[in-house]
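Structure first, then comments.
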Amino acid sequence: MAEAAFPGTDDYSMAELMAIVLARMAGGGEETVAGGGANGGIPLAANRLAQLTVNPNLWLFTGGAGVYNGKFDTLPLGTWDPSCGHGAECKIYIADVVDGGTKGLNPRATRIKRLGSSGFGGIQVDKYGNVNMIGIGPHPKLKVRGPGTVGTIWMGSQSHNIIVEHHNKRVFVDKVDYVSGAGWMTGGNSRHEALDGRDGPEYVWSSICVCDFTEDDHRMRLASVHPGYTVADVVANTGFELVIPDEVPTTTPPTDFELKALRTQVDRNGVLRKRRLTVG
Amino acid sequence: MAEAAFPGTDDYSMAELMAIVLARMAGGGEETVAGGGANGGIPLAANRLAQLTVNPNLWLFTGGAGVYNGKFDTLPLGTWDPSCGHGAECKIYIADVVDGGTKGLNPRATRIKRLGSSGFGGIQVDKYGNVNMIGIGPHPKLKVRGPGTVGTIWMGSQSHNIIVEHHNKRVFVDKVDYVSGAGWMTGGNSRHEALDGRDGPEYVWSSICVCDFTEDDHRMRLASVHPGYTVADVVANTGFELVIPDEVPTTTPPTDFELKALRTQVDRNGVLRKRRLTVG
Amino acid sequence: MPGNQQKHKFMTPLEYQAPADLKRRSKLISLEEAGKIIASKQIVSLAGSHSADAAMSLIRAAIRAGAKDMTLIPPITTSMAADLPIAAGMLKKLYLSYVGFEIFGMAPAFRKAAQEGTLDIVEADEPFILLGTQAAAGGKPFNAVQYLYDGTDHKTLNPELKKIVDPFTGREVWLIPPLRSDVFIMHAQACDLYGNAQCWGGTGQERDKAKAADIVIVQADEIVGSEVIQKDPSKTTVPGLWVDHVVHAPFGAHPTFSSASYSVDDQHLKLYIDMVREGRAQEYIDKYILGPKDHFEYLELVGGLRRMVDLRTAIAIRS
Amino acid sequence: MPGNQQKHKFMTPLEYQAPADLKRRSKLISLEEAGKIIASKQIVSLAGSHSADAAMSLIRAAIRAGAKDMTLIPPITTSMAADLPIAAGMLKKLYLSYVGFEIFGMAPAFRKAAQEGTLDIVEADEPFILLGTQAAAGGKPFNAVQYLYDGTDHKTLNPELKKIVDPFTGREVWLIPPLRSDVFIMHAQACDLYGNAQCWGGTGQERDKAKAADIVIVQADEIVGSEVIQKDPSKTTVPGLWVDHVVHAPFGAHPTFSSASYSVDDQHLKLYIDMVREGRAQEYIDKYILGPKDHFEYLELVGGLRRMVDLRTAIAIRS
């Protein structure tokens with residue numbers, strides 16, 4: 001298991017790169033709601049960064065702490081850390097979260113709140129973006145017991161992205177043992193048919209690359225490779241056949257502006273800088 | 001329509017008498033929850049009076065204002081008056097009220113919160129204590145349109161009493177045109193069978209008397225007549241055949257202690273003293 | 001890089017995406033604009049409790065904007081907020097739980113319309129309205145209750161109730177359908193420019209009603225700075241995220257109470273009730289709703305600053 | 001009159017009914033008593049969020065009182081509040097939504113018990129726990145959701161889900177059964193003697209969990225006077241009316257966070273995780289749970305006043 005620190009430079013960590021790349025998705029000023037994972041804080045940092053630099057109309061959702069728009073400048077332990085509450089504007093209750101999840105985004109609604117770069121991870125992700133938080137092996141005496149599925153089921157009601165901090169063949173599998181969060185299901189129209197026309201995930205964000213999904217089959221496709229890695233690295237560490245376009249760009253690396261904003265306004269204690277993600 | 005002021009004396013009004021007689025039901029120190037009507041404030045005054053004199057463990061429920069244990073000493077306009085909130089200890093939301101109503105009192109529950117002298121009135125009440133807030137005449141183009149039924153349906157989940165401020169044959173009818181609050185239904189075991197063994201109303205409190213219900217048939221029975229009125233007055237103003245026991249006592253009139261407590265601690269502005277209830 | 005059109009947004013650094021103005025967008029609109037939005041919808045939902053915290057200025061604005069033939073999902077209990085729209089012909093259909101003026105008497109326009117059959121009334125009730133709203137708030141197919149309706153005539157009078165067999169217990173239970181709305185209009189004591197709204201009293205129906213609506217409009221007695229809101233996030237009744245428009249309407253709940261802020265104007269309520277009872281509803285509407293050119297002219301007409309200060313003070317010196 | 005035994009209570013004037021002592025009854029009991037009450041029940045329910053606001057002192061008391069073979073209805077997410085009871089053999093069955101220690105790692109006792117098949121796990125999830133609790137809170141037969149489970153394996157792994165045809169639309173929908181509990185134990189930052197409990201953070205699961213329980217026990221960091229509670233009734237998370245017992249447990253959420261009060265004790269969490277991973281769970285329980293004779297001895301053992309003050313200060317000086 002090799003560390004995914006940026007080869008040849010200590011300029012930024014891969015966790016910082018992931019946060020910055022995610023933040024770029026929330027630009028545009030459109031009113032939107034975006035949160036972050038319970039664990040680790042990369043999407044949380046990303047959305048706070050986006051709010052401060054490109055989208056003041058983003059509502060930062062930290063469900064585990066139960067608030068919107070906490071004004072932290074040092075990174076909380078996760079969305080559940082009560083310090084997310086500093087300067088918050090409103091309580092958000094789990095009942096509200098569940099109502100939002102069971103309702104989901106109605107494509108026909110007049111008022112659509114686009115979800116920013118929130119995401120779900122999992123112990124397995126497959127080629128159609130299905131996520132497994134349940135476990136591996138025959139149920140119920142699983143060989144590997146996952147932590148439970150919490151709200152991964154909300155992947156079925158809205159187009160949530162997938163965030164994977166450790167890119168390897170144990171996580172990226174051809175078919176998940178169990179589906180706890182529905183991606184594009186079995187590809188093609190399967191998801192639209194089962195889930196009332198709701199779209200599946202748009203992107204998969206990993207420690208070494210970004211993937212999207214093909215338009216018709218909805219199979220996972222390589223979109224860019226992070227600096228320091230190659231297409232071959234991605235292929236070698238992915239347990240299924242990724243769709244590889246003819247040209248795969250290198251992910252635009254973090255700029256000085258981005259790193260400065262992240263380190264002085266969002267993650268002053270350098271949590272992400274010290275974090276080591278893995279590949280393989 | 002004669003005024004029901006106490007004949008021969010201005011010592012107290014019939015509204016004060018009703019509040020005091022109701023308050024007596026909440027003595028004993030048992031933890032209990034009790035509220036009051038949206039309209040008029042007699043049960044509201046009664047329960048605040050009981051809380052201050054005989055039961056400090058009574059939780060005063062003012063649902064329309066959304067609080068428990070407001071500390072008012074002048075009578076609010078009703079349970080909906082925001083001034084019920086002075087000194088309150090907790091918000092109570094309609095969702096909580098509805099959950100309490102749909103759940104009701106489970107006779108097998110280990111923790112039973114007895115309801116104090118809360119009550120529902122209606123535009124009609126019949127001999128089994130069924131209440132009508134819907135209207136009179138054929139539906140939907142009713143001859144007399146009632147205000148709507150709000151929470152009278154909770155009479156079906158708990159043993160709520162009935163409070164009638166104007167005693168006459170238009171209100172006390174043999175059979176209500178519509179049931180919006182279930183009393184003893186059609187008498188006998190009908191209620192226990194339809195509503196999972198839950199008891200019906202225990203008392204009916206009117207401007208001139210108190211009634212209870214017979215043990216087997218659950219027909220309305222005269223329990224006491226307020227000072228200044230006779231059994232004949234009650235019979236003459238009731239539109240069905242009341243069960244009349246051999247001996248009907250006169251309601252114990254308010255004492256100096258009770259009137260002083262009511263007027264100095266609950267109703268300092270004399271709302272109930274000025275109120276005129278009617279009979280006939 | 002800046003001139004480079006990227007296929008994927010994540011390839012473009014933040015500095016090239018920053019908007020010209022990083023200012024957060026205000027949701028403030030005029031009362032007149034709000035009235036037009038409401039009037040363009042079919043189903044309107046309201047909060048408040050009896051004669052308290054009703055979104056009266058938005059209702060008046062909707063009537064001025066020509067709102068007609070709408071359906072009202074009221075709060076559990078209300079008075080003028082349902083009666084005035086009925087008097088003004090704004091409503092075609094009402095989900096009824098309770099419409100009355102409590103100690104001030106029956107609701108005159110409601111009663112007349114009901115008895116003359118000019119209003120389509122759904123014989124609803126407290127759990128029907130609340131649980132139906134909750135179902136819609138969560139996009140749920142229905143909400144279920146046990147036994148309760150068995151004892152009443154609602155089961156025959158309200159055709160929207162359905163009975164099914166509970167697959168867990170085999171018993172019959174009642175289903176209440178979702179009650180969504182096109183627009184939820186609410187009164188708040190304070191609100192910031194981004195829609196974070198504080199209600200200082202009330203029965204807590206606001207969150208579910210907001211979630212069950214396509215559009216939410218808040219009328220606020222006061223527009224406050226973000227620093228007031230951030231003092232205590234638990235006091236924000238409805239998150240700004242769910243709010244589409246904010247209207248500044250000082251004393252906007254008049255003539256009803258505004259919790260912990262100003263008292264009910266009982267004189268004006270009585271005047272309204274008397275006029276409608278006497279068949280002078282149109283005269284009331286012409287004078288108080290259509291007459292004033294804006295909200296402040298309305299406030300002048302009903303007593304101006306002197307009366308408003310009296311109503312505020314009445315909260316403090318009640319005795 | 002006083003000696004006169006009346007048939008009806010309403011005949012006896014108030015002065016003859018007044019209790020000898022008009023003092024309001026306190027609900028305060030000792031932590032040990034609370035532990036025995038919990039241990040005497042079958043189904044226990046918890047609130048909190050991840051490693052925050054867990055009723056740890058009540059859990060320790062229940063383990064000390066010999067709690068065995070219980071069923072846990074956890075909050076949507078939790079860590080040590082589920083893992084420690086599993087390590088101590090307190091649980092037979094778990095409704096699983098999420099049990100893990102976030103950045104500190106997987107839950108070791110949970111994982112071991114699950115993989116060895118010594119714990120009965122219901123494959124639940126966020127809406128299942130929350131909507132099931134809501135159903136029980138209102139005595140409703142079930143709660144319904146549309147389509148969601150169609151896309152996942154919960155529909156086959158969780159036998160408590162049922163499918164029916166929605167009579168309003170004719171579509172298939174999923175039903176979640178009510179999730180009641182015998183006892184709900186919760187952590188609060190402040191509580192008065194009558195059970196009015198303030199949670200200064202959290203995800204708002206407390207009200208529904210309290211309504212869905214037969215008995216509610218609050219552990220409070222601080223017991224406060226009524227005047228603190230009455231300052232702002234909207235800050236009372238659970239009305240005292242619903243609370244049966246109050247326990248005073250300063251730093252009672254240790255080693256988890258207490259919102260806006262003290263920080264998570266990450267060192268202690270790591271120590272726990274390491275010991276359980278190394279197969280030394282019983283040693284941990286002997287030393288930290290069964291060893292101390294009361295709550296204050298536990299606090300001494302984990303660092304005493306010096307450590308507690310550090311954890312409080314950490315909330316303020318986080319950087």
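The chains in the structure tokens are called A, B, ... from first to last as shown; in each chain the residues are counted from 1, and the ligands are counted from 1 in the order shown.
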Show me, as a Markdown table, the residues of chain C having an atom within 7 Å of chain A, each with the closest atom pair and its distance in Å, using only C-alpha atoms.
| residue | atom | partner | partner_atom | distance |
| --- | --- | --- | --- | --- |
| C:Lys9 | CA | A:Met25 | CA | 5.8 |
| C:Phe10 | CA | A:Arg24 | CA | 4.9 |
| C:Met11 | CA | A:Thr252 | CA | 5.2 |
| C:Thr12 | CA | A:Arg24 | CA | 6.7 |
| C:Pro13 | CA | A:Arg24 | CA | 6.4 |
| C:Leu14 | CA | A:Arg24 | CA | 5.7 |
| C:Glu15 | CA | A:Phe257 | CA | 6.8 |
| C:Gln17 | CA | A:Gly27 | CA | 6.0 |
| C:Ala18 | CA | A:Val54 | CA | 4.4 |
| C:Pro19 | CA | A:Val54 | CA | 6.3 |
| C:Leu22 | CA | A:Pro56 | CA | 6.2 |
| C:Lys23 | CA | A:Pro56 | CA | 6.5 |
| C:Arg24 | CA | A:Pro56 | CA | 5.0 |
| C:Arg25 | CA | A:Asn57 | CA | 6.6 |
| C:Ala137 | CA | A:Asp99 | CA | 6.2 |
| C:Gly138 | CA | A:Asp99 | CA | 3.9 |
| C:Gly139 | CA | A:Lys103 | CA | 4.1 |
| C:Lys140 | CA | A:Lys103 | CA | 7.0 |
| C:Asp214 | CA | A:Arg111 | CA | 6.3 |
| C:Ile229 | CA | A:Glu89 | CA | 5.9 |
| C:Gln230 | CA | A:Glu89 | CA | 5.0 |
| C:Pro233 | CA | A:Cys90 | CA | 4.1 |
| C:Ser234 | CA | A:Lys91 | CA | 5.3 |
| C:Thr236 | CA | A:Cys90 | CA | 5.3 |
| C:Pro239 | CA | A:Cys90 | CA | 5.8 |
| C:Leu241 | CA | A:Trp59 | CA | 6.9 |
Based on the selection just made, write N, CA, C and O atoms of those residues as a compact mmCIF listing (two decimals), in the first residue's frame.
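The result, written out as selection-v8.txt:
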# COMPACT_ATOMS: atom_id res chain seq x y z
N LYS C 9 -15.91 20.94 -15.36
CA LYS C 9 -15.77 22.11 -14.49
C LYS C 9 -14.65 21.94 -13.47
O LYS C 9 -14.02 22.93 -13.07
N PHE C 10 -14.40 20.71 -13.02
CA PHE C 10 -13.39 20.53 -11.98
C PHE C 10 -11.97 20.80 -12.48
O PHE C 10 -11.04 20.80 -11.69
N MET C 11 -11.83 21.00 -13.78
CA MET C 11 -10.51 21.30 -14.32
C MET C 11 -10.19 22.79 -14.23
O MET C 11 -9.04 23.19 -14.41
N THR C 12 -11.18 23.61 -13.96
CA THR C 12 -10.98 25.07 -13.95
C THR C 12 -10.77 25.59 -12.53
O THR C 12 -11.67 25.48 -11.69
N PRO C 13 -9.58 26.14 -12.26
CA PRO C 13 -9.30 26.61 -10.90
C PRO C 13 -10.32 27.62 -10.38
O PRO C 13 -10.97 28.32 -11.17
N LEU C 14 -10.42 27.66 -9.10
CA LEU C 14 -11.42 28.51 -8.45
C LEU C 14 -11.30 29.97 -8.85
O LEU C 14 -12.31 30.65 -9.04
N GLU C 15 -10.05 30.47 -8.99
CA GLU C 15 -9.91 31.90 -9.28
C GLU C 15 -10.52 32.28 -10.63
O GLU C 15 -10.88 33.42 -10.85
N GLN C 17 -13.26 30.90 -11.68
CA GLN C 17 -14.70 30.68 -11.54
C GLN C 17 -15.37 31.71 -10.64
O GLN C 17 -16.59 31.77 -10.55
N ALA C 18 -14.54 32.49 -9.93
CA ALA C 18 -15.11 33.42 -8.95
C ALA C 18 -16.02 34.42 -9.65
O ALA C 18 -15.64 34.99 -10.67
N PRO C 19 -17.20 34.64 -9.13
CA PRO C 19 -18.10 35.62 -9.75
C PRO C 19 -17.55 37.04 -9.55
O PRO C 19 -16.72 37.27 -8.68
N LEU C 22 -18.86 38.69 -5.14
CA LEU C 22 -18.99 37.52 -4.25
C LEU C 22 -20.11 37.71 -3.23
O LEU C 22 -20.21 36.98 -2.26
N LYS C 23 -20.94 38.71 -3.44
CA LYS C 23 -22.00 39.00 -2.47
C LYS C 23 -23.09 37.91 -2.52
O LYS C 23 -23.49 37.47 -3.59
N ARG C 24 -23.53 37.55 -1.34
CA ARG C 24 -24.60 36.57 -1.25
C ARG C 24 -25.90 37.19 -1.77
O ARG C 24 -26.17 38.37 -1.52
N ARG C 25 -26.70 36.40 -2.47
CA ARG C 25 -27.90 36.95 -3.11
C ARG C 25 -29.03 37.16 -2.10
O ARG C 25 -29.37 36.27 -1.32
N ALA C 137 -44.41 16.59 3.00
CA ALA C 137 -43.09 17.13 3.33
C ALA C 137 -41.99 16.14 3.01
O ALA C 137 -40.88 16.51 2.64
N GLY C 138 -42.29 14.86 3.15
CA GLY C 138 -41.29 13.83 2.88
C GLY C 138 -41.54 13.08 1.59
O GLY C 138 -40.94 12.03 1.38
N GLY C 139 -42.41 13.60 0.74
CA GLY C 139 -42.69 12.89 -0.51
C GLY C 139 -43.21 11.49 -0.27
O GLY C 139 -43.02 10.59 -1.08
N LYS C 140 -43.86 11.30 0.88
CA LYS C 140 -44.36 9.97 1.21
C LYS C 140 -45.73 9.74 0.57
O LYS C 140 -46.47 10.68 0.34
N ASP C 214 -43.98 23.99 -3.03
CA ASP C 214 -43.03 24.23 -4.12
C ASP C 214 -42.28 25.54 -3.89
O ASP C 214 -41.11 25.66 -4.24
N ILE C 229 -29.19 36.33 13.45
CA ILE C 229 -29.53 34.94 13.18
C ILE C 229 -28.46 34.00 13.74
O ILE C 229 -28.76 32.97 14.34
N GLN C 230 -27.20 34.38 13.58
CA GLN C 230 -26.10 33.50 14.00
C GLN C 230 -25.92 33.44 15.51
O GLN C 230 -25.23 32.57 16.01
N PRO C 233 -28.57 29.58 16.21
CA PRO C 233 -29.17 28.90 15.05
C PRO C 233 -30.40 28.08 15.40
O PRO C 233 -31.22 27.79 14.54
N SER C 234 -30.54 27.72 16.70
CA SER C 234 -31.71 26.91 17.06
C SER C 234 -32.98 27.75 17.05
O SER C 234 -34.08 27.21 17.13
N THR C 236 -33.82 29.67 14.49
CA THR C 236 -34.27 29.82 13.10
C THR C 236 -35.34 28.77 12.83
O THR C 236 -35.07 27.57 12.82
N PRO C 239 -35.13 27.20 7.71
CA PRO C 239 -33.83 27.54 7.10
C PRO C 239 -34.04 28.34 5.82
O PRO C 239 -34.96 28.05 5.04
N LEU C 241 -32.54 28.22 3.19
CA LEU C 241 -32.43 27.31 2.05
C LEU C 241 -33.79 26.96 1.46
O LEU C 241 -33.93 26.78 0.25
**OP:** Find the spatial neighbours of Asp266 of chain D, counting only C-alpha atoms, within a cut-off of 10 Å - ignore same-chain residues fewer than 2 positions away - and output them as JSON, numbers by chain.
**Re:** {"D": [51, 104, 255, 256, 257, 263, 264, 268, 269, 270, 271, 272, 311]}
Only all heavy atoms, please: the residues just picked out, written as a compact mmCIF listing (two decimals), in the first residue's frame.
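File written: result.txt
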# COMPACT_ATOMS: atom_id res chain seq x y z
N SER D 51 -19.55 10.29 17.45
CA SER D 51 -18.93 10.33 18.77
C SER D 51 -19.30 11.62 19.51
O SER D 51 -18.44 12.26 20.12
CB SER D 51 -17.41 10.19 18.65
OG SER D 51 -17.08 8.87 18.26
N PHE D 104 -11.26 7.66 13.65
CA PHE D 104 -10.50 6.80 14.56
C PHE D 104 -10.55 5.33 14.13
O PHE D 104 -9.85 4.50 14.67
CB PHE D 104 -11.00 6.94 16.00
CG PHE D 104 -11.07 8.38 16.45
CD1 PHE D 104 -12.29 8.99 16.69
CD2 PHE D 104 -9.90 9.13 16.62
CE1 PHE D 104 -12.36 10.32 17.10
CE2 PHE D 104 -9.96 10.46 17.03
CZ PHE D 104 -11.20 11.06 17.27
N PRO D 255 -16.31 9.29 26.86
CA PRO D 255 -15.30 10.04 26.10
C PRO D 255 -15.82 10.69 24.83
O PRO D 255 -15.01 11.10 24.00
CB PRO D 255 -14.28 8.96 25.76
CG PRO D 255 -15.10 7.71 25.63
CD PRO D 255 -16.25 7.86 26.58
N THR D 256 -17.14 10.79 24.62
CA THR D 256 -17.64 11.48 23.42
C THR D 256 -17.77 12.97 23.70
O THR D 256 -17.68 13.42 24.85
CB THR D 256 -18.98 10.88 22.94
OG1 THR D 256 -20.03 11.26 23.84
CG2 THR D 256 -18.92 9.35 22.86
N PHE D 257 -17.98 13.72 22.65
CA PHE D 257 -18.26 15.16 22.75
C PHE D 257 -19.52 15.41 23.57
O PHE D 257 -20.46 14.60 23.57
CB PHE D 257 -18.60 15.72 21.36
CG PHE D 257 -17.48 16.33 20.59
CD1 PHE D 257 -16.89 15.63 19.54
CD2 PHE D 257 -17.04 17.62 20.86
CE1 PHE D 257 -15.88 16.20 18.78
CE2 PHE D 257 -16.03 18.20 20.10
CZ PHE D 257 -15.45 17.49 19.06
N SER D 263 -14.97 18.60 24.69
CA SER D 263 -14.54 17.93 23.47
C SER D 263 -14.50 16.41 23.65
O SER D 263 -14.53 15.90 24.77
CB SER D 263 -13.16 18.44 23.08
OG SER D 263 -12.77 17.88 21.84
N VAL D 264 -14.44 15.73 22.52
CA VAL D 264 -14.21 14.28 22.51
C VAL D 264 -12.84 14.01 23.13
O VAL D 264 -11.90 14.79 22.96
CB VAL D 264 -14.29 13.77 21.05
CG1 VAL D 264 -13.16 14.33 20.20
CG2 VAL D 264 -14.31 12.26 20.97
N HIS D 268 -8.67 8.69 24.86
CA HIS D 268 -9.39 7.59 25.50
C HIS D 268 -10.09 6.71 24.46
O HIS D 268 -10.11 5.48 24.59
CB HIS D 268 -10.39 8.11 26.54
CG HIS D 268 -10.95 7.01 27.39
ND1 HIS D 268 -10.32 6.55 28.52
CD2 HIS D 268 -12.06 6.23 27.24
CE1 HIS D 268 -11.02 5.54 29.03
NE2 HIS D 268 -12.08 5.34 28.28
N LEU D 269 -10.65 7.34 23.43
CA LEU D 269 -11.29 6.54 22.37
C LEU D 269 -10.26 5.60 21.74
O LEU D 269 -10.54 4.42 21.51
CB LEU D 269 -11.87 7.44 21.27
CG LEU D 269 -13.22 8.11 21.52
CD1 LEU D 269 -13.70 8.79 20.25
CD2 LEU D 269 -14.27 7.11 22.00
N LYS D 270 -9.07 6.13 21.47
CA LYS D 270 -8.03 5.30 20.85
C LYS D 270 -7.61 4.17 21.79
O LYS D 270 -7.39 3.04 21.36
CB LYS D 270 -6.82 6.16 20.46
CG LYS D 270 -7.08 6.99 19.19
CD LYS D 270 -5.92 7.96 18.92
CE LYS D 270 -6.34 9.03 17.93
NZ LYS D 270 -5.50 10.24 18.06
N LEU D 271 -7.50 4.50 23.07
CA LEU D 271 -7.15 3.48 24.06
C LEU D 271 -8.20 2.37 24.05
O LEU D 271 -7.87 1.17 24.02
CB LEU D 271 -7.08 4.13 25.45
CG LEU D 271 -6.88 3.19 26.63
CD1 LEU D 271 -5.58 3.56 27.37
CD2 LEU D 271 -8.05 3.26 27.61
N TYR D 272 -9.47 2.76 24.04
CA TYR D 272 -10.54 1.76 24.00
C TYR D 272 -10.44 0.90 22.74
O TYR D 272 -10.48 -0.33 22.79
CB TYR D 272 -11.91 2.45 24.06
CG TYR D 272 -13.05 1.52 23.72
CD1 TYR D 272 -13.56 0.63 24.66
CD2 TYR D 272 -13.59 1.50 22.43
CE1 TYR D 272 -14.57 -0.25 24.34
CE2 TYR D 272 -14.62 0.62 22.10
CZ TYR D 272 -15.11 -0.25 23.06
OH TYR D 272 -16.11 -1.13 22.73
N LEU D 311 -10.57 19.22 28.29
CA LEU D 311 -11.57 18.90 27.26
C LEU D 311 -12.57 20.04 27.08
O LEU D 311 -13.04 20.30 25.98
CB LEU D 311 -12.31 17.59 27.61
CG LEU D 311 -11.44 16.32 27.61
CD1 LEU D 311 -12.25 15.11 28.07
CD2 LEU D 311 -10.84 16.06 26.23
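Neighbours of Ala47 of chain C closer than or equal to 7 Å, with only C-alpha atoms counted and sequence neighbours fewer than 3 positions away skipped, come out as Ala54, Pro74, Pro75, Met186, Gln205 and Glu206 of chain C.
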Now that the selection is made, can you save its residues with N, CA and C atoms as an mmCIF file, in the first residue's frame?
data_model
loop_
_atom_site.group_PDB
_atom_site.id
_atom_site.type_symbol
_atom_site.label_atom_id
_atom_site.label_comp_id
_atom_site.auth_asym_id
_atom_site.auth_seq_id
_atom_site.Cartn_x
_atom_site.Cartn_y
_atom_site.Cartn_z
ATOM 1 N N ALA C 54 -50.689 35.220 11.615
ATOM 2 C CA ALA C 54 -51.182 34.955 10.262
ATOM 3 C C ALA C 54 -50.452 35.862 9.272
ATOM 4 N N PRO C 74 -55.044 25.310 5.371
ATOM 5 C CA PRO C 74 -54.843 26.227 6.491
ATOM 6 C C PRO C 74 -53.989 25.575 7.568
ATOM 7 N N PRO C 75 -53.606 26.335 8.586
ATOM 8 C CA PRO C 75 -53.058 25.690 9.784
ATOM 9 C C PRO C 75 -54.194 24.952 10.503
ATOM 10 N N MET C 186 -45.863 32.511 5.036
ATOM 11 C CA MET C 186 -45.768 32.494 6.498
ATOM 12 C C MET C 186 -45.335 33.837 7.066
ATOM 13 N N GLN C 205 -45.705 24.442 12.879
ATOM 14 C CA GLN C 205 -46.148 23.819 11.629
ATOM 15 C C GLN C 205 -45.306 24.278 10.434
ATOM 16 N N GLU C 206 -44.432 25.266 10.673
ATOM 17 C CA GLU C 206 -43.769 25.935 9.546
ATOM 18 C C GLU C 206 -42.841 25.019 8.760
#
**OP:** Write out as a PyMOL selection string all residues of segment 80-214 of chain B that backbone DSSP assigns to strand (DSSP E or B).
**Re:** chain B and resi 90-91+114-115+119-120+124-125+131-132+135-136+144-145+161-164+166-167+172-173+181+204-206+209-213
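Note that the spacing between atom CA of Arg312 of chain D and atom CA of Ser261 of chain D amounts to 6.0 Å.
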Original post:
Which of segment 100-227 of chain D counts as helix (DSSP H, G or I) under DSSP, as a VMD selection string please?
Top reply: chain D and resid 102 to 104 108 to 116 126 to 137 148 to 151 154 to 157 206 to 211 226 to 227
Using only C-alpha atoms, what does the table of chain C residues within 12 Å of chain D look like, with each row giving the shortest atom pair and its distance in Å to one decimal, sorted by chain and ascending number, as a Markdown table?
| residue | atom | partner | partner_atom | distance |
| --- | --- | --- | --- | --- |
| C:Pro127 | CA | D:Gly138 | CA | 10.7 |
| C:Leu131 | CA | D:Gly138 | CA | 10.4 |
| C:Gln134 | CA | D:Asn143 | CA | 11.0 |
| C:Ala135 | CA | D:Ala144 | CA | 8.7 |
| C:Ala136 | CA | D:Val145 | CA | 11.0 |
| C:Ala137 | CA | D:Val145 | CA | 11.8 |
| C:Gly138 | CA | D:Val145 | CA | 8.4 |
| C:Gly139 | CA | D:Val145 | CA | 7.7 |
| C:Lys140 | CA | D:Val145 | CA | 5.1 |
| C:Pro141 | CA | D:Gln146 | CA | 6.5 |
| C:Phe142 | CA | D:Ala144 | CA | 6.8 |
| C:Asn143 | CA | D:Asn143 | CA | 6.7 |
| C:Ala144 | CA | D:Lys140 | CA | 6.1 |
| C:Val145 | CA | D:Lys140 | CA | 5.2 |
| C:Gln146 | CA | D:Lys140 | CA | 6.2 |
| C:Tyr147 | CA | D:Lys140 | CA | 9.9 |
| C:Leu148 | CA | D:Lys140 | CA | 10.6 |
| C:Pro159 | CA | D:Phe168 | CA | 11.6 |
| C:Glu160 | CA | D:Phe168 | CA | 9.1 |
| C:Leu161 | CA | D:Phe168 | CA | 9.6 |
| C:Lys162 | CA | D:Pro167 | CA | 7.5 |
| C:Lys163 | CA | D:Pro167 | CA | 8.7 |
| C:Ile164 | CA | D:Pro167 | CA | 7.9 |
| C:Val165 | CA | D:Ile164 | CA | 9.9 |
| C:Asp166 | CA | D:Pro141 | CA | 7.0 |
| C:Pro167 | CA | D:Lys162 | CA | 7.6 |
| C:Phe168 | CA | D:Pro177 | CA | 7.5 |
| C:Thr169 | CA | D:Pro141 | CA | 8.2 |
| C:Gly170 | CA | D:Pro141 | CA | 10.4 |
| C:Arg171 | CA | D:Pro141 | CA | 9.2 |
| C:Glu172 | CA | D:Pro141 | CA | 9.8 |
| C:Val173 | CA | D:Pro141 | CA | 7.5 |
| C:Trp174 | CA | D:Pro141 | CA | 9.5 |
| C:Leu175 | CA | D:Pro167 | CA | 8.9 |
| C:Ile176 | CA | D:Phe168 | CA | 9.6 |
| C:Pro177 | CA | D:Phe168 | CA | 7.5 |
| C:Pro178 | CA | D:Phe168 | CA | 9.9 |
| C:Gln198 | CA | D:Ser234 | CA | 11.5 |
| C:Cys199 | CA | D:Ser234 | CA | 10.5 |
| C:Trp200 | CA | D:Ser234 | CA | 8.8 |
| C:Gly201 | CA | D:Ser234 | CA | 8.8 |
| C:Gly202 | CA | D:Ser234 | CA | 10.6 |
| C:Thr203 | CA | D:Ser234 | CA | 11.1 |
| C:Gly204 | CA | D:Ser234 | CA | 10.5 |
| C:Asp232 | CA | D:Lys235 | CA | 10.0 |
| C:Pro233 | CA | D:Gly201 | CA | 10.1 |
| C:Ser234 | CA | D:Lys235 | CA | 7.5 |
| C:Lys235 | CA | D:Ser234 | CA | 7.5 |
| C:Thr236 | CA | D:Ser234 | CA | 10.6 |
| C:Thr237 | CA | D:Ser234 | CA | 10.4 |
**OP:** Using only C-alpha atoms, determine which residues lie at most 8 Å from Leu91 of chain C, disregarding the query and same-chain residues fewer than 3 positions distant; provide the list as a PyMOL selection string.
**Re:** chain C and resi 68-72+85-86+88+94+119
